[in-house]
$ cat upload.txt   # compact mmCIF, C-alpha atoms
# COMPACT_ATOMS: atom_id res chain seq x y z
CA MET A 1 26.47 9.55 8.49
CA SER A 2 26.63 9.94 12.26
CA VAL A 3 24.13 11.48 14.60
CA ASN A 4 24.96 13.24 17.85
CA SER A 5 21.64 12.53 19.54
CA THR A 6 20.38 15.26 21.85
CA LEU A 7 17.13 13.44 22.53
CA PRO A 8 16.52 10.47 24.85
CA LEU A 9 15.81 7.20 23.05
CA ASN A 10 12.80 5.02 23.97
CA ASP A 11 11.04 8.02 25.53
CA LYS A 12 7.37 7.12 26.03
CA LYS A 13 6.06 10.54 25.02
CA GLN A 14 8.12 10.57 21.82
CA ILE A 15 7.07 7.04 20.91
CA ARG A 16 3.41 7.84 21.56
CA ALA A 17 3.62 10.93 19.33
CA TRP A 18 5.27 8.89 16.56
CA CYS A 19 2.74 6.05 16.77
CA MET A 20 -0.18 8.46 16.69
CA TYR A 21 0.69 9.40 13.13
CA ASP A 22 -0.15 5.84 12.11
CA TRP A 23 -3.50 6.34 13.85
CA ALA A 24 -3.85 9.59 11.87
CA ASN A 25 -3.03 8.51 8.31
CA SER A 26 -4.23 4.90 8.17
CA VAL A 27 -7.81 6.12 7.73
CA TYR A 28 -6.82 7.29 4.25
CA SER A 29 -5.63 3.91 3.01
CA LEU A 30 -8.73 2.11 4.32
CA SER A 31 -11.56 4.59 3.71
CA ILE A 32 -10.30 6.34 0.58
CA THR A 33 -8.24 3.91 -1.47
CA THR A 34 -9.86 0.67 -0.31
CA ALA A 35 -13.47 1.08 0.78
CA ILE A 36 -15.63 4.16 0.32
CA PHE A 37 -14.16 6.30 -2.47
CA PRO A 38 -13.91 3.58 -5.17
CA ILE A 39 -17.57 2.68 -4.55
CA TYR A 40 -18.68 6.31 -4.61
CA TYR A 41 -16.58 7.04 -7.70
CA ASN A 42 -18.18 4.19 -9.62
CA ALA A 43 -21.68 5.26 -8.56
CA ILE A 44 -21.12 8.83 -9.77
CA THR A 45 -19.37 7.95 -13.02
CA SER A 46 -21.78 5.14 -14.02
CA LYS A 47 -24.86 7.35 -14.30
CA GLY A 48 -24.36 7.79 -18.05
CA ASP A 49 -22.77 5.28 -20.38
CA GLY A 50 -19.86 4.59 -18.00
CA PHE A 51 -17.37 6.60 -20.08
CA ILE A 52 -15.65 9.81 -18.98
CA ASN A 53 -14.29 12.45 -21.33
CA LEU A 54 -11.07 13.85 -19.95
CA PHE A 55 -8.44 15.84 -21.86
CA GLY A 56 -10.34 15.09 -25.07
CA TYR A 57 -10.24 11.29 -24.61
CA ASP A 58 -13.04 8.92 -23.66
CA PHE A 59 -12.08 6.66 -20.77
CA LYS A 60 -14.05 3.78 -19.30
CA ASN A 61 -14.71 4.96 -15.74
CA THR A 62 -13.06 1.98 -14.02
CA ALA A 63 -10.07 2.14 -16.37
CA LEU A 64 -9.59 5.84 -15.60
CA TYR A 65 -9.56 5.06 -11.89
CA SER A 66 -6.87 2.39 -12.29
CA LEU A 67 -4.77 4.62 -14.54
CA THR A 68 -5.01 7.45 -12.00
CA LEU A 69 -3.68 5.15 -9.29
CA SER A 70 -0.88 4.09 -11.62
CA PHE A 71 0.14 7.68 -12.33
CA SER A 72 0.06 8.67 -8.65
CA PHE A 73 2.28 5.72 -7.68
CA LEU A 74 4.63 6.65 -10.54
CA ILE A 75 5.03 10.07 -8.93
CA VAL A 76 5.76 8.30 -5.63
CA VAL A 77 8.43 6.12 -7.30
CA PHE A 78 10.32 9.19 -8.55
CA LEU A 79 9.80 11.20 -5.34
CA SER A 80 10.75 8.52 -2.79
CA PRO A 81 14.55 8.45 -3.41
CA LEU A 82 14.61 12.26 -3.47
CA LEU A 83 12.70 12.44 -0.18
CA SER A 84 14.88 9.73 1.37
CA GLY A 85 17.97 11.81 0.64
CA ILE A 86 16.36 14.84 2.25
CA ALA A 87 15.32 12.76 5.26
CA ASP A 88 18.87 11.50 5.71
CA SER A 89 20.17 15.07 5.79
CA ARG A 90 18.11 15.59 8.96
CA GLY A 91 17.11 18.87 10.49
CA ASN A 92 13.90 19.42 8.53
CA LYS A 93 12.11 16.06 8.44
CA LYS A 94 9.12 17.28 10.44
CA MET A 95 8.58 20.25 8.14
CA PHE A 96 8.42 17.99 5.06
CA MET A 97 6.34 15.39 6.89
CA ARG A 98 3.87 18.11 7.89
CA PHE A 99 3.69 19.40 4.29
CA PHE A 100 2.81 15.98 2.86
CA CYS A 101 0.36 15.29 5.68
CA TYR A 102 -1.47 18.55 5.00
CA LEU A 103 -1.36 17.92 1.25
CA GLY A 104 -2.97 14.51 1.71
CA SER A 105 -5.55 15.57 4.28
CA PHE A 106 -6.72 18.61 2.32
CA ALA A 107 -6.89 16.48 -0.84
CA CYS A 108 -9.23 14.10 1.02
CA MET A 109 -11.42 17.05 2.00
CA MET A 110 -11.33 18.17 -1.63
CA LEU A 111 -13.01 14.89 -2.61
CA ALA A 112 -16.17 16.08 -0.85
CA LEU A 113 -16.63 18.55 -3.74
CA PHE A 114 -16.78 15.70 -6.27
CA ASN A 115 -20.50 15.12 -6.85
CA ASP A 116 -21.04 14.81 -10.59
CA GLU A 117 -19.51 13.45 -13.79
CA LYS A 118 -18.92 17.03 -14.90
CA ASN A 119 -16.40 17.61 -12.13
CA VAL A 120 -14.79 14.17 -12.19
CA TRP A 121 -11.44 15.96 -12.46
CA ILE A 122 -11.85 16.94 -8.78
CA GLY A 123 -12.11 13.28 -7.79
CA ILE A 124 -9.17 12.28 -9.99
CA LEU A 125 -6.92 15.13 -8.83
CA GLY A 126 -7.92 14.69 -5.18
CA LEU A 127 -7.17 10.96 -5.24
CA MET A 128 -3.79 11.55 -6.89
CA LEU A 129 -2.70 14.30 -4.48
CA ALA A 130 -3.89 12.34 -1.44
CA ASN A 131 -1.89 9.31 -2.52
CA VAL A 132 1.25 11.42 -3.00
CA GLY A 133 0.71 13.07 0.38
CA PHE A 134 0.26 9.72 2.09
CA ALA A 135 3.39 8.15 0.57
CA GLY A 136 5.49 11.29 0.95
CA SER A 137 4.73 11.69 4.65
CA LEU A 138 5.59 8.03 5.29
CA VAL A 139 9.16 8.55 4.03
CA PHE A 140 9.83 11.07 6.79
CA TYR A 141 7.71 9.18 9.33
CA ASN A 142 9.90 6.10 8.89
CA ALA A 143 13.07 8.23 9.06
CA PHE A 144 12.12 9.30 12.59
CA LEU A 145 12.12 5.75 13.98
CA PRO A 146 15.91 5.39 14.52
CA GLU A 147 15.87 8.73 16.37
CA ILE A 148 13.25 7.74 18.92
CA ALA A 149 13.97 4.03 19.56
CA THR A 150 17.00 1.79 19.97
CA PRO A 151 17.38 -1.02 17.38
CA ASP A 152 16.13 -3.67 19.82
CA GLN A 153 12.90 -1.68 20.37
CA GLN A 154 12.17 -0.58 16.79
CA ASP A 155 10.14 -3.65 15.76
CA LYS A 156 8.04 -3.31 18.90
CA VAL A 157 7.44 0.40 18.30
CA ARG A 158 6.60 -0.19 14.63
CA ALA A 159 4.12 -2.93 15.61
CA ARG A 160 2.50 -0.55 18.10
CA GLY A 161 2.09 2.08 15.40
CA PHE A 162 0.61 -0.50 12.99
CA THR A 163 -1.85 -1.65 15.64
CA LEU A 164 -2.97 1.90 16.41
CA GLY A 165 -3.37 2.61 12.69
CA TYR A 166 -5.40 -0.55 12.18
CA ILE A 167 -7.73 0.19 15.11
CA GLY A 168 -8.19 3.84 14.18
CA SER A 169 -8.93 3.16 10.52
CA VAL A 170 -11.45 0.44 11.33
CA LEU A 171 -13.20 2.64 13.93
CA LEU A 172 -13.65 5.54 11.50
CA LEU A 173 -14.77 3.19 8.73
CA ILE A 174 -17.46 1.78 11.05
CA VAL A 175 -18.67 5.33 11.79
CA ASN A 176 -18.73 6.14 8.08
CA LEU A 177 -20.51 2.87 7.32
CA ALA A 178 -23.20 3.65 9.89
CA LEU A 179 -23.73 7.04 8.25
CA ILE A 180 -24.00 5.53 4.77
CA MET A 181 -26.41 2.80 5.97
CA ALA A 182 -28.61 5.41 7.67
CA PHE A 183 -28.96 7.39 4.42
CA PRO A 184 -28.39 4.85 1.63
CA ASP A 185 -29.99 6.88 -1.14
CA ASP A 186 -28.14 10.15 -0.55
CA SER A 187 -24.78 11.24 -1.95
CA TRP A 188 -23.78 13.41 0.99
CA PRO A 189 -22.85 10.62 3.50
CA PRO A 190 -19.84 9.44 1.43
CA ARG A 191 -18.78 13.05 0.87
CA ILE A 192 -19.02 13.71 4.60
CA SER A 193 -16.88 10.59 5.06
CA PHE A 194 -14.15 12.05 2.83
CA LEU A 195 -14.28 15.24 4.88
CA MET A 196 -14.05 13.25 8.13
CA VAL A 197 -11.02 11.32 6.84
CA GLY A 198 -9.24 14.58 5.99
CA VAL A 199 -10.08 16.17 9.35
CA TRP A 200 -9.03 13.01 11.24
CA TRP A 201 -5.71 12.82 9.37
CA LEU A 202 -5.05 16.55 9.84
CA GLY A 203 -6.12 16.66 13.49
CA PHE A 204 -4.24 13.65 14.82
CA GLY A 205 -1.30 14.43 12.55
CA THR A 206 -1.06 17.85 14.20
CA TYR A 207 -0.85 16.10 17.58
CA THR A 208 2.19 14.24 16.29
CA PHE A 209 3.85 17.41 14.98
CA ASN A 210 3.24 19.25 18.24
CA ASN A 211 4.77 16.50 20.39
CA LEU A 212 7.40 14.79 18.25
CA LYS A 213 10.77 16.45 18.73
CA GLU A 214 13.36 16.49 15.98
CA ASN A 215 17.03 15.73 16.44
CA ASN A 216 18.99 18.49 14.73
CA ALA A 217 22.42 17.40 15.94
CA THR A 218 23.97 15.72 12.91
CA THR A 219 27.25 15.48 11.09
CA ALA A 220 25.57 14.42 7.85
CA PRO A 221 26.93 16.32 4.85
CA LYS A 222 24.47 18.70 3.22
CA GLU A 223 26.05 18.47 -0.23
CA GLY A 224 24.46 16.20 -2.79
CA VAL A 225 21.32 15.69 -0.73
CA LEU A 226 18.95 15.80 -3.72
CA LEU A 227 20.70 12.94 -5.54
CA LYS A 228 21.71 10.91 -2.49
CA GLY A 229 18.65 8.63 -2.56
CA TYR A 230 19.02 7.97 -6.30
CA ARG A 231 22.71 7.12 -5.86
CA GLU A 232 21.86 4.64 -3.09
CA ILE A 233 19.24 2.95 -5.29
CA ALA A 234 21.74 2.72 -8.15
CA LYS A 235 24.40 1.29 -5.80
CA VAL A 236 22.05 -1.45 -4.58
CA PHE A 237 21.07 -2.27 -8.17
CA ILE A 238 24.74 -2.76 -9.08
CA GLU A 239 25.44 -4.83 -5.95
CA LEU A 240 22.50 -7.14 -6.74
CA LYS A 241 24.41 -8.49 -9.76
CA SER A 242 26.71 -10.35 -7.34
CA GLN A 243 23.84 -11.49 -5.08
CA ARG A 244 21.93 -13.88 -7.30
CA PRO A 245 19.45 -15.34 -4.77
CA LEU A 246 18.41 -11.87 -3.62
CA SER A 247 18.08 -10.55 -7.17
CA ILE A 248 15.96 -13.57 -8.20
CA PHE A 249 13.71 -13.09 -5.18
CA LEU A 250 13.26 -9.39 -5.99
CA LEU A 251 12.33 -10.28 -9.58
CA SER A 252 9.67 -12.67 -8.32
CA PHE A 253 8.47 -10.12 -5.74
CA PHE A 254 8.21 -7.38 -8.37
CA ILE A 255 6.10 -9.61 -10.64
CA TYR A 256 3.67 -11.09 -8.12
CA ASN A 257 3.42 -7.83 -6.18
CA MET A 258 2.08 -6.19 -9.35
CA ALA A 259 -0.95 -8.42 -8.97
CA VAL A 260 -1.24 -8.34 -5.16
CA GLN A 261 -1.31 -4.55 -4.88
CA THR A 262 -3.65 -4.15 -7.85
CA VAL A 263 -6.18 -6.65 -6.50
CA MET A 264 -6.23 -4.90 -3.14
CA LEU A 265 -6.63 -1.46 -4.73
CA VAL A 266 -9.41 -2.35 -7.19
CA ALA A 267 -11.32 -4.99 -5.20
CA SER A 268 -14.12 -2.67 -4.07
CA LEU A 269 -14.31 -1.04 -7.51
CA PHE A 270 -14.68 -4.50 -9.06
CA GLY A 271 -17.39 -5.34 -6.52
CA LYS A 272 -19.38 -2.21 -7.29
CA ALA A 273 -19.03 -2.46 -11.07
CA GLU A 274 -19.33 -6.21 -11.63
CA ILE A 275 -21.16 -7.82 -8.66
CA LYS A 276 -24.93 -7.96 -8.21
CA GLY A 277 -27.21 -8.82 -5.32
CA VAL A 278 -29.72 -11.67 -5.35
CA ASP A 279 -32.28 -9.26 -6.81
CA GLY A 280 -30.07 -8.64 -9.83
CA LYS A 281 -29.33 -5.05 -8.83
CA PRO A 282 -25.79 -3.76 -8.13
CA MET A 283 -24.33 -4.88 -4.82
CA GLU A 284 -25.36 -2.56 -1.98
CA ASP A 285 -22.69 -0.11 -0.85
CA SER A 286 -23.13 -1.05 2.81
CA LEU A 287 -22.59 -4.77 2.12
CA LEU A 288 -19.54 -3.97 0.02
CA ILE A 289 -18.02 -1.88 2.81
CA VAL A 290 -18.82 -4.62 5.35
CA THR A 291 -16.96 -7.05 3.08
CA ILE A 292 -13.92 -4.74 3.16
CA LEU A 293 -14.14 -4.71 6.98
CA VAL A 294 -14.29 -8.52 7.04
CA ILE A 295 -11.21 -8.66 4.81
CA GLN A 296 -9.32 -6.42 7.27
CA LEU A 297 -10.25 -8.61 10.23
CA VAL A 298 -9.40 -11.86 8.47
CA ALA A 299 -6.09 -10.36 7.31
CA VAL A 300 -4.87 -10.25 10.93
CA ALA A 301 -5.55 -13.96 11.37
CA GLY A 302 -4.00 -14.62 7.96
CA ALA A 303 -0.75 -12.91 8.95
CA TYR A 304 -0.48 -15.18 12.00
CA LEU A 305 -1.38 -18.25 9.95
CA PHE A 306 1.35 -17.67 7.38
CA SER A 307 3.81 -16.80 10.12
CA PHE A 308 3.11 -20.26 11.54
CA LEU A 309 3.46 -21.87 8.08
CA SER A 310 6.80 -20.13 7.52
CA LYS A 311 8.13 -21.56 10.79
CA GLN A 312 6.95 -25.04 9.83
CA PHE A 313 7.99 -25.15 6.17
CA GLY A 314 10.19 -22.11 5.53
CA ASN A 315 9.51 -18.68 4.05
CA LEU A 316 9.73 -19.61 0.38
CA GLN A 317 7.37 -22.57 0.75
CA ALA A 318 4.85 -20.48 2.69
CA LEU A 319 5.05 -17.78 0.00
CA LEU A 320 4.42 -20.38 -2.70
CA ILE A 321 1.30 -21.56 -0.85
CA SER A 322 0.00 -17.99 -0.60
CA LEU A 323 0.62 -17.31 -4.30
CA LEU A 324 -1.18 -20.50 -5.32
CA ILE A 325 -4.18 -19.27 -3.32
CA TRP A 326 -3.94 -15.89 -5.07
CA ILE A 327 -4.18 -17.63 -8.45
CA LEU A 328 -7.29 -19.42 -7.23
CA ILE A 329 -8.73 -16.08 -6.10
CA CYS A 330 -8.23 -14.51 -9.55
CA VAL A 331 -9.83 -17.47 -11.34
CA LEU A 332 -12.79 -17.53 -8.93
CA ALA A 333 -13.20 -13.73 -9.27
CA TYR A 334 -13.67 -14.17 -13.02
CA PHE A 335 -16.68 -16.42 -12.30
CA THR A 336 -18.03 -14.37 -9.37
CA TYR A 337 -21.25 -12.51 -10.16
CA TYR A 338 -23.25 -12.32 -6.93
CA SER A 339 -22.75 -10.67 -3.55
CA LEU A 340 -22.60 -13.84 -1.41
CA GLN A 341 -19.89 -15.27 -3.66
CA PHE A 342 -18.00 -11.98 -3.44
CA VAL A 343 -18.16 -11.89 0.38
CA MET A 344 -16.85 -15.46 0.61
CA LEU A 345 -14.09 -14.67 -1.87
CA GLY A 346 -13.23 -11.58 0.17
CA MET A 347 -12.59 -13.73 3.22
CA VAL A 348 -10.09 -15.77 1.21
CA VAL A 349 -8.42 -12.55 0.04
CA GLY A 350 -8.11 -11.43 3.65
CA LEU A 351 -6.52 -14.74 4.58
CA VAL A 352 -3.60 -14.28 2.16
CA MET A 353 -3.46 -10.47 2.00
CA GLY A 354 -1.63 -9.94 5.28
CA GLY A 355 0.38 -13.13 4.88
CA VAL A 356 1.96 -12.37 1.51
CA GLN A 357 2.99 -8.85 2.54
CA SER A 358 4.59 -9.84 5.85
CA LEU A 359 6.23 -12.95 4.33
CA SER A 360 7.67 -10.97 1.42
CA ARG A 361 9.32 -8.42 3.67
CA SER A 362 10.62 -10.98 6.18
CA THR A 363 11.98 -13.22 3.38
CA TYR A 364 13.77 -10.25 1.85
CA SER A 365 15.28 -9.25 5.20
CA LYS A 366 16.59 -12.80 5.78
CA MET A 367 18.31 -12.82 2.39
CA LEU A 368 20.09 -9.48 2.83
CA PRO A 369 23.89 -9.55 2.91
CA HIS A 370 25.63 -9.01 6.24
CA HIS A 371 26.44 -5.29 6.33
CA ASN A 372 25.21 -2.06 7.87
CA ASP A 373 23.52 -0.65 4.75
CA ASN A 374 20.12 -2.31 5.21
CA ALA A 375 18.34 1.06 4.93
CA SER A 376 19.43 1.40 1.28
CA TYR A 377 18.28 -2.14 0.53
CA PHE A 378 14.87 -1.52 2.06
CA SER A 379 14.58 1.72 0.09
CA PHE A 380 15.22 -0.36 -3.04
CA TYR A 381 12.58 -2.85 -1.86
CA ASP A 382 10.03 -0.03 -1.45
CA VAL A 383 10.85 1.27 -4.94
CA CYS A 384 10.22 -2.25 -6.32
CA LEU A 385 6.92 -2.40 -4.40
CA ASN A 386 5.68 0.95 -5.70
CA LEU A 387 6.95 0.38 -9.24
CA GLY A 388 5.16 -2.97 -9.26
CA THR A 389 1.98 -1.16 -8.21
CA VAL A 390 2.46 1.29 -11.09
CA CYS A 391 2.79 -1.55 -13.62
CA GLY A 392 -0.04 -3.63 -12.16
CA THR A 393 -2.62 -0.85 -11.99
CA PHE A 394 -1.60 0.41 -15.45
CA LEU A 395 -1.97 -3.09 -16.94
CA PHE A 396 -5.33 -3.51 -15.25
CA GLY A 397 -6.61 -0.13 -16.45
CA TRP A 398 -5.23 -0.53 -19.96
CA LEU A 399 -6.86 -3.94 -20.44
CA ASP A 400 -10.10 -2.66 -18.92
CA GLN A 401 -10.09 0.24 -21.41
CA LEU A 402 -9.11 -2.02 -24.32
CA THR A 403 -11.53 -4.89 -23.68
CA GLY A 404 -14.26 -3.15 -21.69
CA SER A 405 -14.07 -5.92 -19.08
CA MET A 406 -12.50 -5.86 -15.62
CA ARG A 407 -12.77 -9.65 -15.61
CA ILE A 408 -10.23 -9.96 -18.42
CA SER A 409 -7.92 -7.73 -16.38
CA ILE A 410 -8.32 -10.02 -13.36
CA ILE A 411 -7.33 -13.07 -15.42
CA ALA A 412 -4.27 -11.20 -16.71
CA LEU A 413 -3.22 -10.64 -13.09
CA SER A 414 -3.38 -14.37 -12.44
CA PHE A 415 -0.58 -14.85 -14.98
CA MET A 416 1.58 -12.48 -12.89
CA PHE A 417 1.17 -14.87 -9.96
CA VAL A 418 2.06 -17.84 -12.18
CA ILE A 419 5.27 -16.15 -13.36
CA GLY A 420 6.11 -15.14 -9.80
CA ILE A 421 5.71 -18.76 -8.65
CA VAL A 422 7.93 -20.06 -11.45
CA VAL A 423 10.71 -17.63 -10.47
CA LEU A 424 10.34 -18.56 -6.78
CA VAL A 425 10.58 -22.28 -7.60
CA ILE A 426 13.79 -21.62 -9.56
CA LEU A 427 15.17 -19.76 -6.53
CA HIS A 428 14.18 -22.56 -4.14
CA GLN A 429 15.79 -25.24 -6.31
CA MET A 430 18.97 -23.18 -6.71
CA ILE A 431 19.38 -22.73 -2.94
CA ALA A 432 18.47 -26.36 -2.16
CA SER A 433 20.91 -27.72 -4.77
CA GLN A 434 23.88 -25.78 -3.36
CA PRO A 435 23.46 -25.88 0.44
CA GLN A 436 27.12 -25.13 1.16
CA LYS A 437 27.20 -22.07 -1.09
CA PHE A 438 24.01 -20.66 0.38
CA LYS A 439 24.40 -21.93 3.95
CA ASP A 440 24.04 -18.40 5.38
CA ILE A 441 20.63 -18.00 3.73
CA LEU A 442 19.54 -21.49 4.81
CA ALA A 443 20.63 -20.78 8.38
CA ARG A 444 18.28 -17.79 8.49
CA LYS A 445 15.25 -19.69 7.15

$ encode --input "upload.txt" --output "structure tokens"
Amino acid sequence: MSVNSTLPLNDKKQIRAWCMYDWANSVYSLSITTAIFPIYYNAITSKGDGFINLFGYDFKNTALYSLTLSFSFLIVVFLSPLLSGIADSRGNKKMFMRFFCYLGSFACMMLALFNDEKNVWIGILGLMLANVGFAGSLVFYNAFLPEIATPDQQDKVRARGFTLGYIGSVLLLIVNLALIMAFPDDSWPPRISFLMVGVWWLGFGTYTFNNLKENNATTAPKEGVLLKGYREIAKVFIELKSQRPLSIFLLSFFIYNMAVQTVMLVASLFGKAEIKGVDGKPMEDSLLIVTILVIQLVAVAGAYLFSFLSKQFGNLQALLISLLIWILICVLAYFTYYSLQFVMLGMVVGLVMGGVQSLSRSTYSKMLPHHNDNASYFSFYDVCLNLGTVCGTFLFGWLDQLTGSMRISIIALSFMFVIGIVVLVILHQMIASQPQKFKDILARK
């Protein structure tokens, strides 16, 4: 595909408009999936016996939450290649990006109507649609980057967007936390928070759509657009058979990422359902949200720490260190019952959370073959990431439903880290034992 660009690259106004979408949508991932909604959901659905009847089946409330996440990410897995093909066809990326943005933001506002066990379907449906909207809009958001920045500026622009998203999401979470702390016994502050997230996402997203120009000058063929993304994924899968180190790394990544993503998605739900304060009562919502904030702050330092470790010892060794710490986290979580223990454990989670994500992506990029089809390989990587999230959250929810204990589910996740480490060790020994054969990979470590 070739693009006859009619727009200036590295234009400050275009870059600002693009980055502002990160500011717009990052509030969803922090306030809805990570901090406030899981806590609120557990509070609403625990008023009875902790079981929810949905579609004629009785689900443990925490298991239903995990299974909902799993199903929503499954939708994302099937949609992403389709959307990638559409994005590559150009000409209508902003229209689709706007659709998914509005879908996600209105779904967040919809969550404000969820106020009782009897309408739990509103919370479940809202969470699922918001997750699809978030992931769907990101496909087109990422597709804009090559059109607004030259290759040497893309990492810088992406980092700027990430920074804006981080700052914006933390600021709104602090505002929402203040509201919840001011009225701790009322149900309306969290619901107002969901409304604020939706309005924030919609409002700042509209700024992006009004200022981000789309490049319509393209020679990309329009035929076969719907299947293009699936064909690229299949092509990468076939090519991986001749790239053993990369395929082994992806296997390890898929396995340990199942656990990483699940822990991050259910951490606050676990805290609300399983952790108690010193008085023996459930952990206070405000303290739980503060813990999530601490995790976010520590994660920044953790990313820099593991970046330093990777330079000192190599990417694979630094990844092994982070995964060993994740195993320790899972084991300690099983024996964590009180809020102070949970806060301290949260700081450790923050330390390795940013590190394992950045190290995984950078390790993968260093092991890619030398060609110009990196976009297809990163699409495959994202499919592995999301499919791992599907499997991890499903396993967690299924075990929670089967055993009635989230702690058993946490221990099961620790075995995912163990398997991931074993596969990584095999990869490390294979590369180290044949330095001449894998000299290109070693040179990029």

$ residues_around --input "upload.txt" --residues "Val422 in chain A" --least-positions-apart "2" --cutoff "12 Å" --atoms "only C-alpha atoms" --output "PyMOL selection string"
chain A and resi 248-249+251-253+255-256+316+320+323-324+415-420+424-429

$ residues_around --input "upload.txt" --residues "range 173-190 of chain A" --least-positions-apart "3" --cutoff "8 Å" --atoms "only C-alpha atoms" --output "JSON, numbers by chain"
{"A": [27, 30, 31, 36, 37, 40, 112, 115, 169, 170, 193, 194, 285, 286, 289, 290]}

$ atom_distance --input "upload.txt" --atom1 "CA of Leu9 in chain A" --atom2 "CA of Ala143 in chain A"
14.3 Å

$ closest_residue --input "upload.txt" --among "A:Leu269, A:Leu164, A:Ala24, A:Cys391" --to "Ser137 in chain A" --atoms "all atoms listed in the file"
A:Ala24

$ residues_around --input "upload.txt" --residues "range 127-131 of chain A" --least-positions-apart "4" --cutoff "9 Å" --atoms "only C-alpha atoms" --output "MDAnalysis selection string"
chainID A and resid 28:29 32:33 37 68:69 71:73 76 100:101 103:108 111 122:123 135:136

$ closest_residue --input "upload.txt" --among "A:Val139, A:Leu79, A:Ala259, A:Met110" --to "Arg191 in chain A" --atoms "all atoms listed in the file"
A:Met110

$ closest_residue --input "upload.txt" --among "A:Phe144, A:Ile15, A:Trp201, A:Asn257" --to "Ala159 in chain A" --atoms "all atoms listed in the file"
A:Ile15

$ closest_residue --input "upload.txt" --among "A:Leu172, A:Ala17, A:Leu287, A:Leu226" --to "Val157 in chain A" --atoms "all atoms listed in the file"
A:Ala17

$ closest_residue --input "upload.txt" --among "A:Lys60, A:Lys228, A:Lys94, A:Lys118" --to "Asn42 in chain A" --atoms "only C-alpha atoms"
A:Lys60

$ axis_aligned_box --input "upload.txt" --around "range 339-344 of chain A" --padding-each-side "5 Å" --output "lines of an AutoDock Vina configuration file"
center_x = -19.8
center_y = -13.1
center_z = -1.5
size_x = 15.9
size_y = 14.8
size_z = 14.3

$ atom_distance --input "upload.txt" --atom1 "CA of Tyr381 in chain A" --atom2 "CA of Ile410 in chain A"
24.9 Å

$ atom_distance --input "upload.txt" --atom1 "CA of Met283 in chain A" --atom2 "CA of Ile52 in chain A"
22.2 Å

$ closest_residue --input "upload.txt" --among "A:Gln434, A:Leu288, A:Phe396, A:Leu83" --to "Met344 in chain A" --atoms "all atoms listed in the file"
A:Leu288

$ residues_around --input "upload.txt" --residues "range 291-298 of chain A" --least-positions-apart "2" --cutoff "6 Å" --atoms "all atoms listed in the file" --output "mmCIF file with C-alpha atoms, in the coordinates of the input"
data_model
loop_
_atom_site.group_PDB
_atom_site.id
_atom_site.type_symbol
_atom_site.label_atom_id
_atom_site.label_comp_id
_atom_site.auth_asym_id
_atom_site.auth_seq_id
_atom_site.Cartn_x
_atom_site.Cartn_y
_atom_site.Cartn_z
ATOM 1 C CA LEU A 288 -19.540 -3.970 0.020
ATOM 2 C CA ILE A 289 -18.020 -1.880 2.810
ATOM 3 C CA VAL A 300 -4.870 -10.250 10.930
ATOM 4 C CA ALA A 301 -5.550 -13.960 11.370
ATOM 5 C CA VAL A 343 -18.160 -11.890 0.380
ATOM 6 C CA GLY A 346 -13.230 -11.580 0.170
ATOM 7 C CA MET A 347 -12.590 -13.730 3.220
ATOM 8 C CA GLY A 350 -8.110 -11.430 3.650
ATOM 9 C CA LEU A 351 -6.520 -14.740 4.580
#
